[in-house]
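Q: I'd like to ask some things about the structure below.
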Amino acid sequence: MAKANRVYKEKAPVVKNQEVEATVVDITYQGMGVIKIDNFPIFVVDAIPGEIVRVGITKVLKSYAFGRVSKRIQSSPNRAENVNQDAIATGIAPLANLKYDAQLIFKQEQVVQLFKKVNIDVDVNATIGMENPYRYRNKAQVPVKMINGRLETGFYRRGSHKLVPIEDFYIQDEKVDEAVTVTRDILRDLGISAYDETTKKGVIRHIMARRGYYSHELMVVIVTHSKKLPEAEAIATQLQAKLPELKSFIHNINHEGNNVIMGEQNETIWGANEIHDQLMGKDFVIGPNSFYQVNPQTMAVLYSLAAEKANLKPTDIVVDAYSGIGTITLSIADQVKKVYGVEVVADAVADAKKNAKNNHVDNVEFVTADAPEQMEKWATEGLKPNVVFVDPPRKGLTAELISAVSAMKPETFVYISCNPATLARDAVQILDEGFEIDGPVQPIDQFPQTTHVEAITVFKRVNK
C-alpha cells in the first residue's frame, strides 16, 4: 500500500499539464492509483493496479504529484463496471471502481502491511465482507450550498471546496437519501438560503438524516448558522406529509467558525427528541449527536465476534472504554458479572444510562470522563477487570491508557479498531506491557466501497 510521504531528493521528472503513460503499480490508503516515473510517485483518481493508463499531470509537489486519467489503455480485470463516477470523484466511495472481492483483499493486505511495518509478526484473516455492500449507511451529514442562486445538497470534490450536487449517495440507505432530497426541496420552495462561509450570510449549513435499520424510525436534523430556523413549523408540516417514517425533526445550531458539522444546541421542532434502533436483542436510543455505528448490519457481526473472542465468563468483571451510548457494554452485560463503561461525551453517557434502564440491565455502571484519565484512576483504585474492551476513535489509544490497562492486569484485552495504522502502532506498546496477540487479527468491512476497515485484535496477558 502506498503513502504520500516519501522524499524525492531530485527535481520532479514531470511538470503540470504534461501527459505520461505508465502502469498502475499500487493503490493508496485514500483509494488512489499510483504510477511512477523514474521512481517518482504520481497519485491518480480512478486507477487500479495492473492498468496501463495515460495520465495528465494536474499538480506537482516536491516528492509526489497528482494526475488524472486521460485514456485507459488497458483495464484491470478487477475493475467494476458502470460505477457512479460522482461517488469516486468526491471520495464518497473511493473504492467503488474495484470489484468487491478485490476490495476485501486490499483491506486484508492493508492490515498485513501495517503490522509488518512495525515488525510485528501476526496472521491476518481474510476480511469479513457484506452480502450486499451498498446502501448500508444509516446516517448522512450532507453539506448545503447556494450554486447559481439555487440551494443544493451534495459532496465536495476531493481536494477542493467545490460542491458536486448529488441525490444518490451510493452507500447510503435509500430512505436516508430520500429524506435529504425531500428536505432540500422544501427549503428551496420556502426560499431559505444556505450559509456562505465567505460572506458569513445565509442560514443552512448541513442536512442530517439518520434511520433505524431495524426500527425504520427516521430523524431529520437541519443545522443552521443562525439561532432561528425560518419557517420551522412549515418545514415540519411538509416533512411529516412527505416522509411517513419521520419520528423526529430537530434544529441544530452551529455558529462556530470551525469544520465541526453539528453544534451542541438542539431544538426539537416536531416529534421525539430521539429515535430508536435494535442491536443484538437490545433497544438503543439515538439522539442527534449520538455516536452509533453507521453500518448496523456489520456492527452486530463486529460486536458478536469481539465478545466471542474475549471468551467471556459469568464471573467476569469487564471494562468498556469509549463506551458511547453503551452498545458494547449492554450487548455483553448478560454474559458477565459487571461491566464498567467510560465515555467523555456527557450526552452519550446519558443515552447509555437510558438504554440500560430501558433494557432492564442493572449490572452496568457508566462514568462520564476522559477514557485515559478514568482508566488510570480505576487502576489506582485497584479495579481488576478480567477483560478490557477498547473501541477508540481513529487516533487510537494514548500511551497512558495502555499503561493503565496494563496496571489493571486483565487476562484479556480486546482492541476494536477503525484505523489499522494506529492499531499497529499501539500494538507495539501493548506487547511491551506484557501482552501477546492471541490468534489472527480479524478485519471486518464495516465501510464497503471506502478504504476504511475495522479490525479486532485480542491480546492475552503473559506477565502475571
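Order determines the names: the first chain of the C-alpha cells is A, the second B, and so forth; residues in each chain are numbered 1 upward, and ligands are numbered 1 upward as they are shown.
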With a distance cut-off of 10 Å and only C-alpha atoms, select the neighbouring residues of range 233-239 of chain A, excluding the residue or stretch itself and same-chain residues fewer than 2 positions from it, and output the selection as a ChimeraX atom specification.
A: /A:179,182-183,186-187,189-190,220,229-231,241-246,248-250,269-271
Q: Find the residues around Ser75 in chain A up to 10 Å (only C-alpha atoms counted), leave out those fewer than 3 positions away in its own chain, and share them as a list in words.
A: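 In the requested form, the answer reads Ala47, Ile48, Pro49, Gly50, Glu51, Ile52, Val53, Arg72, Asn78 and Arg79 of chain A.
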Q: Could the residues in this selection be saved with all heavy atoms as an mmCIF file, in the first residue's frame?
A:
```cif
data_model
loop_
_atom_site.group_PDB
_atom_site.id
_atom_site.type_symbol
_atom_site.label_atom_id
_atom_site.label_comp_id
_atom_site.auth_asym_id
_atom_site.auth_seq_id
_atom_site.Cartn_x
_atom_site.Cartn_y
_atom_site.Cartn_z
ATOM 1 N N ALA A 47 -7.810 4.833 -10.797
ATOM 2 C CA ALA A 47 -6.816 3.994 -11.467
ATOM 3 C C ALA A 47 -6.526 2.794 -10.571
ATOM 4 O O ALA A 47 -6.323 2.954 -9.360
ATOM 5 C CB ALA A 47 -5.534 4.782 -11.734
ATOM 6 N N ILE A 48 -6.514 1.599 -11.157
ATOM 7 C CA ILE A 48 -6.419 0.351 -10.399
ATOM 8 C C ILE A 48 -5.114 -0.363 -10.751
ATOM 9 O O ILE A 48 -4.701 -0.369 -11.916
ATOM 10 C CB ILE A 48 -7.628 -0.555 -10.744
ATOM 11 C CG1 ILE A 48 -8.914 0.106 -10.237
ATOM 12 C CG2 ILE A 48 -7.478 -1.937 -10.145
ATOM 13 C CD1 ILE A 48 -10.156 -0.618 -10.667
ATOM 14 N N PRO A 49 -4.455 -0.975 -9.754
ATOM 15 C CA PRO A 49 -3.215 -1.696 -10.038
ATOM 16 C C PRO A 49 -3.361 -2.677 -11.196
ATOM 17 O O PRO A 49 -4.356 -3.390 -11.307
ATOM 18 C CB PRO A 49 -2.939 -2.438 -8.726
ATOM 19 C CG PRO A 49 -3.510 -1.536 -7.686
ATOM 20 C CD PRO A 49 -4.752 -0.956 -8.306
ATOM 21 N N GLY A 50 -2.330 -2.666 -12.081
ATOM 22 C CA GLY A 50 -2.336 -3.530 -13.250
ATOM 23 C C GLY A 50 -2.813 -2.833 -14.505
ATOM 24 O O GLY A 50 -2.579 -3.318 -15.625
ATOM 25 N N GLU A 51 -3.458 -1.693 -14.375
ATOM 26 C CA GLU A 51 -3.942 -0.970 -15.555
ATOM 27 C C GLU A 51 -2.819 -0.156 -16.201
ATOM 28 O O GLU A 51 -1.929 0.355 -15.510
ATOM 29 C CB GLU A 51 -5.097 -0.036 -15.179
ATOM 30 C CG GLU A 51 -6.335 -0.787 -14.747
ATOM 31 C CD GLU A 51 -7.542 0.107 -14.545
ATOM 32 O OE1 GLU A 51 -7.380 1.269 -14.117
ATOM 33 O OE2 GLU A 51 -8.656 -0.361 -14.821
ATOM 34 N N ILE A 52 -2.871 -0.045 -17.501
ATOM 35 C CA ILE A 52 -1.969 0.855 -18.230
ATOM 36 C C ILE A 52 -2.786 2.094 -18.583
ATOM 37 O O ILE A 52 -3.857 1.988 -19.203
ATOM 38 C CB ILE A 52 -1.412 0.189 -19.501
ATOM 39 C CG1 ILE A 52 -0.636 -1.081 -19.116
ATOM 40 C CG2 ILE A 52 -0.509 1.158 -20.262
ATOM 41 C CD1 ILE A 52 -0.176 -1.894 -20.315
ATOM 42 N N VAL A 53 -2.292 3.257 -18.157
ATOM 43 C CA VAL A 53 -3.069 4.485 -18.311
ATOM 44 C C VAL A 53 -2.206 5.611 -18.869
ATOM 45 O O VAL A 53 -0.995 5.654 -18.663
ATOM 46 C CB VAL A 53 -3.668 4.930 -16.961
ATOM 47 C CG1 VAL A 53 -4.761 3.977 -16.504
ATOM 48 C CG2 VAL A 53 -2.594 5.046 -15.880
ATOM 49 N N ARG A 72 -7.589 5.206 -20.727
ATOM 50 C CA ARG A 72 -7.292 3.923 -20.108
ATOM 51 C C ARG A 72 -6.913 2.957 -21.219
ATOM 52 O O ARG A 72 -7.766 2.483 -21.968
ATOM 53 C CB ARG A 72 -8.513 3.413 -19.332
ATOM 54 C CG ARG A 72 -8.148 2.463 -18.197
ATOM 55 C CD ARG A 72 -9.382 2.083 -17.385
ATOM 56 N NE ARG A 72 -10.173 3.224 -16.960
ATOM 57 C CZ ARG A 72 -9.883 4.022 -15.935
ATOM 58 N NH1 ARG A 72 -8.795 3.776 -15.225
ATOM 59 N NH2 ARG A 72 -10.643 5.041 -15.628
ATOM 60 N N ASN A 78 -9.995 -6.512 -12.311
ATOM 61 C CA ASN A 78 -10.650 -6.207 -11.044
ATOM 62 C C ASN A 78 -11.493 -4.937 -11.091
ATOM 63 O O ASN A 78 -12.077 -4.538 -10.076
ATOM 64 C CB ASN A 78 -9.609 -6.053 -9.925
ATOM 65 C CG ASN A 78 -9.013 -7.375 -9.507
ATOM 66 O OD1 ASN A 78 -9.699 -8.387 -9.501
ATOM 67 N ND2 ASN A 78 -7.734 -7.371 -9.164
ATOM 68 N N ARG A 79 -11.567 -4.303 -12.259
ATOM 69 C CA ARG A 79 -12.341 -3.060 -12.368
ATOM 70 C C ARG A 79 -13.836 -3.351 -12.367
ATOM 71 O O ARG A 79 -14.326 -4.192 -13.109
ATOM 72 C CB ARG A 79 -11.949 -2.287 -13.631
ATOM 73 C CG ARG A 79 -12.850 -1.075 -13.920
ATOM 74 C CD ARG A 79 -12.257 -0.148 -14.944
ATOM 75 N NE ARG A 79 -11.104 0.565 -14.403
ATOM 76 C CZ ARG A 79 -11.202 1.658 -13.642
ATOM 77 N NH1 ARG A 79 -12.398 2.150 -13.332
ATOM 78 N NH2 ARG A 79 -10.127 2.246 -13.189
#
```
Q: Given only C-alpha atoms as the basis, pick out the residue of A:Val83, A:Val260, A:Ala89, A:Val203 nearest to Leu151 in chain A.
A: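 Of A:Val83, A:Val260, A:Ala89, A:Val203, the one nearest Leu151 in chain A is A:Val203, counting only C-alpha atoms.
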Q: May I ask which of the residues A:Phe115, A:Tyr136, A:Tyr195, A:Phe66 is the closest one to Met299 in chain A, counting only C-alpha atoms?
A: A:Tyr136
Q: Take CA of Gln278 in chain A and CA of Asp173 in chain A and report the distance between them in Å, one decimal.
A: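 Distance reported for this atom pair: 16.5 Å.
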Q: Tell me which of A:Glu400, A:Glu152, A:Asp123, A:Glu343 sits closest to Ser193 in chain A, counting only C-alpha atoms.
A: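 Using only C-alpha atoms, Ser193 in chain A sits closest to A:Glu152.
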Q: Could you tell me how far CA of Asn289 in chain A lies from CA of Ile275 in chain A, in Å and to one decimal?
A: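 According to the coordinates, CA of Asn289 in chain A and CA of Ile275 in chain A are separated by 11.7 Å.
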Q: Leaving out Glu436 in chain A and any residue of its chain fewer than 3 positions from it, which residues lie within 8 Å of it when counting only C-alpha atoms, given as a PyMOL selection string?
A: chain A and resi 430-431+459-462
Q: Could you save those same residues with C-alpha atoms as a CSV table (one decimal), in the first residue's frame?
A:
```csv
chain,number,residue,atom,x,y,z
A,430,ILE,CA,0.7,-3.3,24.3
A,431,LEU,CA,3.2,-6.1,23.6
A,459,PHE,CA,-4.3,-9.6,23.4
A,460,LYS,CA,-3.6,-12.0,26.3
A,461,ARG,CA,-1.6,-11.2,29.3
A,462,VAL,CA,1.6,-13.3,29.6
```
